[in-house]
Amino acid sequence: MNKREDKRITDQDRKLLDAINEGDSDLFNDLVHKYEGKLYNFGLKVCKNVNDAEDLVQESFINVFKSMKDFRHETKFKNWLYKIAANVCWKMKRKSRFAPEQEISIEEFLPSDHKSVDKKSSEWASAPVDHLLNRELSARIKEGVDKLPEKYKLVLILRDMEGFSTEETSNILSLTVQNVKVRLHRARLFLREELKEFYGNK
Amino acid sequence: METSEKKNHDNEKCKELFSVFSEYIDKELDNEDAEKIKVHLDSCECCNDCVSTLKKTIEICSSFFKEKKVPESLSERLRKIAKNHGTY
């Protein structure tokens, strides 16, 4: 969907960014202070280790400062920041691995027959999340997210963990809305399978 | 699990609807398609289980991560970068 009509977007950071672009460069620090936590935690979700998460934050801010003058307020600053961070992720991934991105096929998650409904899966699906969450489960989810190919992982994290809408995610990752939906569904099915296995083995 | 009348239906229907379960959960389908799924879920234990486990997966996903504090060493590096870029 074309977002050009969104040029006059309301952005809580507009004043701060205008002041920086007018020369008050001391305010760069305010921007760092405001977003370092969000970006660091995004990095921890996306990356497999703390060092990579720190590199992601650092590289993202360097790129933000470099391109700040070109920011046209066509999207919220926060979304632009995540767009830059997502691009840094891709670059880091390309540097670290040469293996081509794997595809997740929806076919492998299709219920083969009605025997695939078992009692254990129904039990965890009906329990309150507060009762389910513990260190073991959190570690399993993180493992599952780490196993996801990058193109699915980023969509899942932005949509289900960072709280961006489908449309915002499509803008951040430069994907069509339909593509975001397809990748999100496959990523969720993949994680659901991990959880089913987790509870099935208990 | 033994078969019952409730589960005895056309499996092709499941396959057709399976690809949009996430959109159904996210309320991104139009009313007509959402209603089609709702009716199907009432009669298909298998798909109903799929949707409820998928919903729970999303819920777990959105709440499992405990936010961490930014390490002071990283904050310090970022402050230096901000200061240096301030001189452009």
# chains A, B, ... in the order shown; residues from 1 in each chain; ligands from 1

$ select_by_dssp --residues "segment 42-73 of chain B" --states "alpha helix (DSSP H)" --output "PyMOL selection string"
chain B and resi 42-43+45-63+72-73

$ closest_atom_pairs --of "chain B" --to "chain A" --cutoff "8 Å" --atoms "only C-alpha atoms" --output "tab-separated table"
residue	atom	partner	partner_atom	distance
B:Met1	CA	A:Lys115	CA	5.8
B:Lys7	CA	A:His114	CA	7.3
B:Asn11	CA	A:Asp113	CA	8.0
B:Lys15	CA	A:Leu110	CA	7.0
B:Phe18	CA	A:Leu110	CA	7.3
B:Ser19	CA	A:Ile106	CA	7.6
B:Val20	CA	A:His185	CA	7.8
B:Phe21	CA	A:His185	CA	7.7
B:Ser22	CA	A:His185	CA	5.5
B:Glu23	CA	A:Lys181	CA	7.2
B:Glu45	CA	A:Val117	CA	7.5
B:Cys46	CA	A:His114	CA	5.5
B:Cys47	CA	A:Pro111	CA	7.9
B:Asp49	CA	A:Ser122	CA	6.6
B:Ser52	CA	A:Ala125	CA	5.9
B:Thr53	CA	A:Ala125	CA	5.0
B:Leu54	CA	A:Arg192	CA	6.1
B:Lys55	CA	A:Ala125	CA	7.8
B:Lys56	CA	A:Ala125	CA	5.5
B:Thr57	CA	A:Arg192	CA	5.6
B:Ile58	CA	A:Asp160	CA	6.5
B:Glu59	CA	A:Val129	CA	7.0
B:Ile60	CA	A:Val129	CA	6.3
B:Cys61	CA	A:Met161	CA	6.5
B:Ser62	CA	A:Met161	CA	4.7
B:Ser63	CA	A:Met161	CA	7.6
B:Phe64	CA	A:Ser138	CA	5.5
B:Phe65	CA	A:Ser138	CA	7.1
B:Glu67	CA	A:Asn41	CA	6.2
B:Lys68	CA	A:Asn41	CA	6.5
B:Lys69	CA	A:Gly37	CA	6.8
B:Val70	CA	A:Gly37	CA	5.8
B:Leu74	CA	A:Glu54	CA	6.8
B:Ser75	CA	A:Glu36	CA	7.6
B:Arg77	CA	A:Gln58	CA	7.9
B:Leu78	CA	A:Gln58	CA	6.5
B:Arg79	CA	A:Asn29	CA	6.1
B:Ile81	CA	A:Ile62	CA	7.0
B:Ala82	CA	A:Phe28	CA	5.5
B:Lys83	CA	A:Asp26	CA	7.1
B:His85	CA	A:Phe65	CA	6.5
B:Gly86	CA	A:Ser25	CA	4.6
B:Thr87	CA	A:Ser25	CA	7.4

$ atom_distance --atom1 "atom CA of Val64 of chain A" --atom2 "atom CA of Ile84 of chain A"
7.2 Å

$ atom_distance --atom1 "atom CA of Ser60 of chain A" --atom2 "atom CA of Lys153 of chain A"
18.4 Å

$ closest_residue --among "B:Pro71, B:Lys80, B:Val51, B:Lys66" --to "Ile25 of chain B" --atoms "only C-alpha atoms"
B:Val51

$ decode --residues "segment 40-172 of chain A" --atoms "C-alpha atoms" --output "tab-separated table (two decimals), in the first residue's frame"
chain	number	residue	atom	x	y	z
A	40	TYR	CA	19.12	-3.03	22.91
A	41	ASN	CA	16.20	-5.26	23.86
A	42	PHE	CA	15.24	-5.59	20.19
A	43	GLY	CA	18.85	-6.64	19.59
A	44	LEU	CA	18.69	-9.25	22.34
A	45	LYS	CA	15.61	-10.76	20.71
A	46	VAL	CA	17.05	-10.75	17.20
A	47	CYS	CA	20.66	-11.74	17.95
A	48	LYS	CA	21.97	-14.95	19.39
A	49	ASN	CA	24.30	-13.27	21.87
A	50	VAL	CA	24.79	-10.07	23.85
A	51	ASN	CA	27.85	-8.94	21.89
A	52	ASP	CA	25.95	-9.01	18.61
A	53	ALA	CA	23.06	-7.13	20.24
A	54	GLU	CA	25.48	-4.41	21.39
A	55	ASP	CA	27.02	-4.20	17.91
A	56	LEU	CA	23.54	-3.92	16.43
A	57	VAL	CA	22.66	-0.97	18.69
A	58	GLN	CA	25.95	0.80	18.07
A	59	GLU	CA	25.87	0.36	14.31
A	60	SER	CA	22.22	1.42	14.15
A	61	PHE	CA	22.87	4.69	16.00
A	62	ILE	CA	25.90	5.46	13.82
A	63	ASN	CA	23.69	5.01	10.74
A	64	VAL	CA	20.93	7.12	12.30
A	65	PHE	CA	23.30	10.01	12.97
A	66	LYS	CA	24.76	9.77	9.48
A	67	SER	CA	21.39	9.84	7.73
A	68	MET	CA	19.44	12.06	10.09
A	69	LYS	CA	19.43	15.01	7.68
A	70	ASP	CA	17.75	12.82	5.06
A	71	PHE	CA	14.91	11.78	7.36
A	72	ARG	CA	11.74	13.20	5.76
A	73	HIS	CA	9.21	12.46	8.54
A	74	GLU	CA	7.24	10.22	6.20
A	75	THR	CA	7.09	7.74	9.03
A	76	LYS	CA	7.55	7.99	12.78
A	77	PHE	CA	11.17	8.37	13.86
A	78	LYS	CA	10.86	5.19	15.96
A	79	ASN	CA	9.80	3.19	12.88
A	80	TRP	CA	12.65	4.68	10.85
A	81	LEU	CA	15.05	3.70	13.62
A	82	TYR	CA	13.80	0.10	13.49
A	83	LYS	CA	14.13	0.14	9.69
A	84	ILE	CA	17.77	1.09	10.08
A	85	ALA	CA	18.27	-1.55	12.79
A	86	ALA	CA	16.65	-4.22	10.58
A	87	ASN	CA	19.03	-3.31	7.75
A	88	VAL	CA	21.96	-3.60	10.15
A	89	CYS	CA	20.68	-7.07	11.10
A	90	TRP	CA	20.72	-8.16	7.48
A	91	LYS	CA	24.25	-6.85	7.00
A	92	MET	CA	25.45	-8.62	10.14
A	93	LYS	CA	23.83	-11.83	8.99
A	94	ARG	CA	25.38	-11.64	5.53
A	95	LYS	CA	28.80	-11.17	7.12
A	96	SER	CA	28.44	-14.08	9.50
A	97	ARG	CA	26.97	-16.79	7.27
A	98	PHE	CA	26.97	-17.78	3.66
A	99	ALA	CA	24.19	-20.33	3.85
A	100	PRO	CA	21.11	-19.30	1.86
A	101	GLU	CA	17.99	-18.42	3.80
A	102	GLN	CA	15.76	-21.41	4.41
A	103	GLU	CA	12.10	-21.33	3.52
A	104	ILE	CA	9.44	-22.49	5.93
A	105	SER	CA	6.72	-24.36	4.12
A	106	ILE	CA	3.18	-24.13	5.43
A	107	GLU	CA	2.56	-27.71	4.27
A	108	GLU	CA	4.67	-29.20	7.02
A	109	PHE	CA	2.41	-27.70	9.67
A	110	LEU	CA	-0.89	-28.78	8.18
A	111	PRO	CA	-2.72	-31.05	10.55
A	112	SER	CA	-2.36	-34.41	8.83
A	113	ASP	CA	-5.50	-35.88	10.32
A	114	HIS	CA	-7.67	-35.49	13.33
A	115	LYS	CA	-5.51	-37.76	15.40
A	116	SER	CA	-3.07	-34.85	15.73
A	117	VAL	CA	-5.33	-33.29	18.35
A	118	ASP	CA	-4.09	-34.52	21.66
A	119	LYS	CA	-4.99	-33.70	25.20
A	120	LYS	CA	-1.60	-32.23	26.12
A	121	SER	CA	-1.85	-29.50	23.48
A	122	SER	CA	-5.31	-28.55	24.66
A	123	GLU	CA	-4.09	-28.28	28.23
A	124	TRP	CA	-1.36	-25.70	27.62
A	125	ALA	CA	-3.57	-23.77	25.23
A	126	SER	CA	-6.16	-23.23	27.93
A	127	ALA	CA	-3.79	-22.36	30.80
A	128	PRO	CA	-3.21	-18.68	31.68
A	129	VAL	CA	0.13	-17.39	30.34
A	130	ASP	CA	1.23	-16.33	33.86
A	131	HIS	CA	1.00	-19.96	34.93
A	132	LEU	CA	2.98	-21.19	31.95
A	133	LEU	CA	5.85	-18.73	31.91
A	134	ASN	CA	9.01	-19.90	33.57
A	135	ARG	CA	12.71	-19.92	32.80
A	136	GLU	CA	12.56	-23.24	30.96
A	137	LEU	CA	9.77	-22.12	28.65
A	138	SER	CA	11.40	-18.74	28.02
A	139	ALA	CA	14.65	-20.46	27.07
A	140	ARG	CA	12.75	-22.77	24.70
A	141	ILE	CA	11.00	-19.86	23.01
A	142	LYS	CA	14.27	-17.98	22.60
A	143	GLU	CA	15.82	-21.13	21.09
A	144	GLY	CA	12.86	-21.42	18.73
A	145	VAL	CA	13.14	-17.77	17.67
A	146	ASP	CA	16.89	-18.20	17.11
A	147	LYS	CA	16.20	-21.18	14.85
A	148	LEU	CA	13.91	-19.15	12.60
A	149	PRO	CA	15.41	-17.97	9.32
A	150	GLU	CA	16.03	-14.21	9.52
A	151	LYS	CA	13.23	-13.19	7.15
A	152	TYR	CA	10.65	-14.87	9.37
A	153	LYS	CA	12.31	-13.97	12.63
A	154	LEU	CA	12.27	-10.21	12.00
A	155	VAL	CA	8.59	-10.23	11.07
A	156	LEU	CA	7.66	-12.25	14.16
A	157	ILE	CA	9.69	-10.05	16.52
A	158	LEU	CA	8.35	-6.80	15.08
A	159	ARG	CA	4.73	-7.99	15.07
A	160	ASP	CA	4.39	-10.18	18.14
A	161	MET	CA	7.09	-8.86	20.45
A	162	GLU	CA	7.67	-5.21	19.55
A	163	GLY	CA	3.99	-4.50	18.90
A	164	PHE	CA	4.17	-3.02	15.39
A	165	SER	CA	1.11	-3.37	13.16
A	166	THR	CA	1.18	-5.37	9.93
A	167	GLU	CA	1.38	-2.16	7.92
A	168	GLU	CA	4.17	-0.68	10.06
A	169	THR	CA	6.11	-3.94	9.78
A	170	SER	CA	5.70	-3.90	6.01
A	171	ASN	CA	7.18	-0.39	5.93
A	172	ILE	CA	10.03	-1.19	8.29
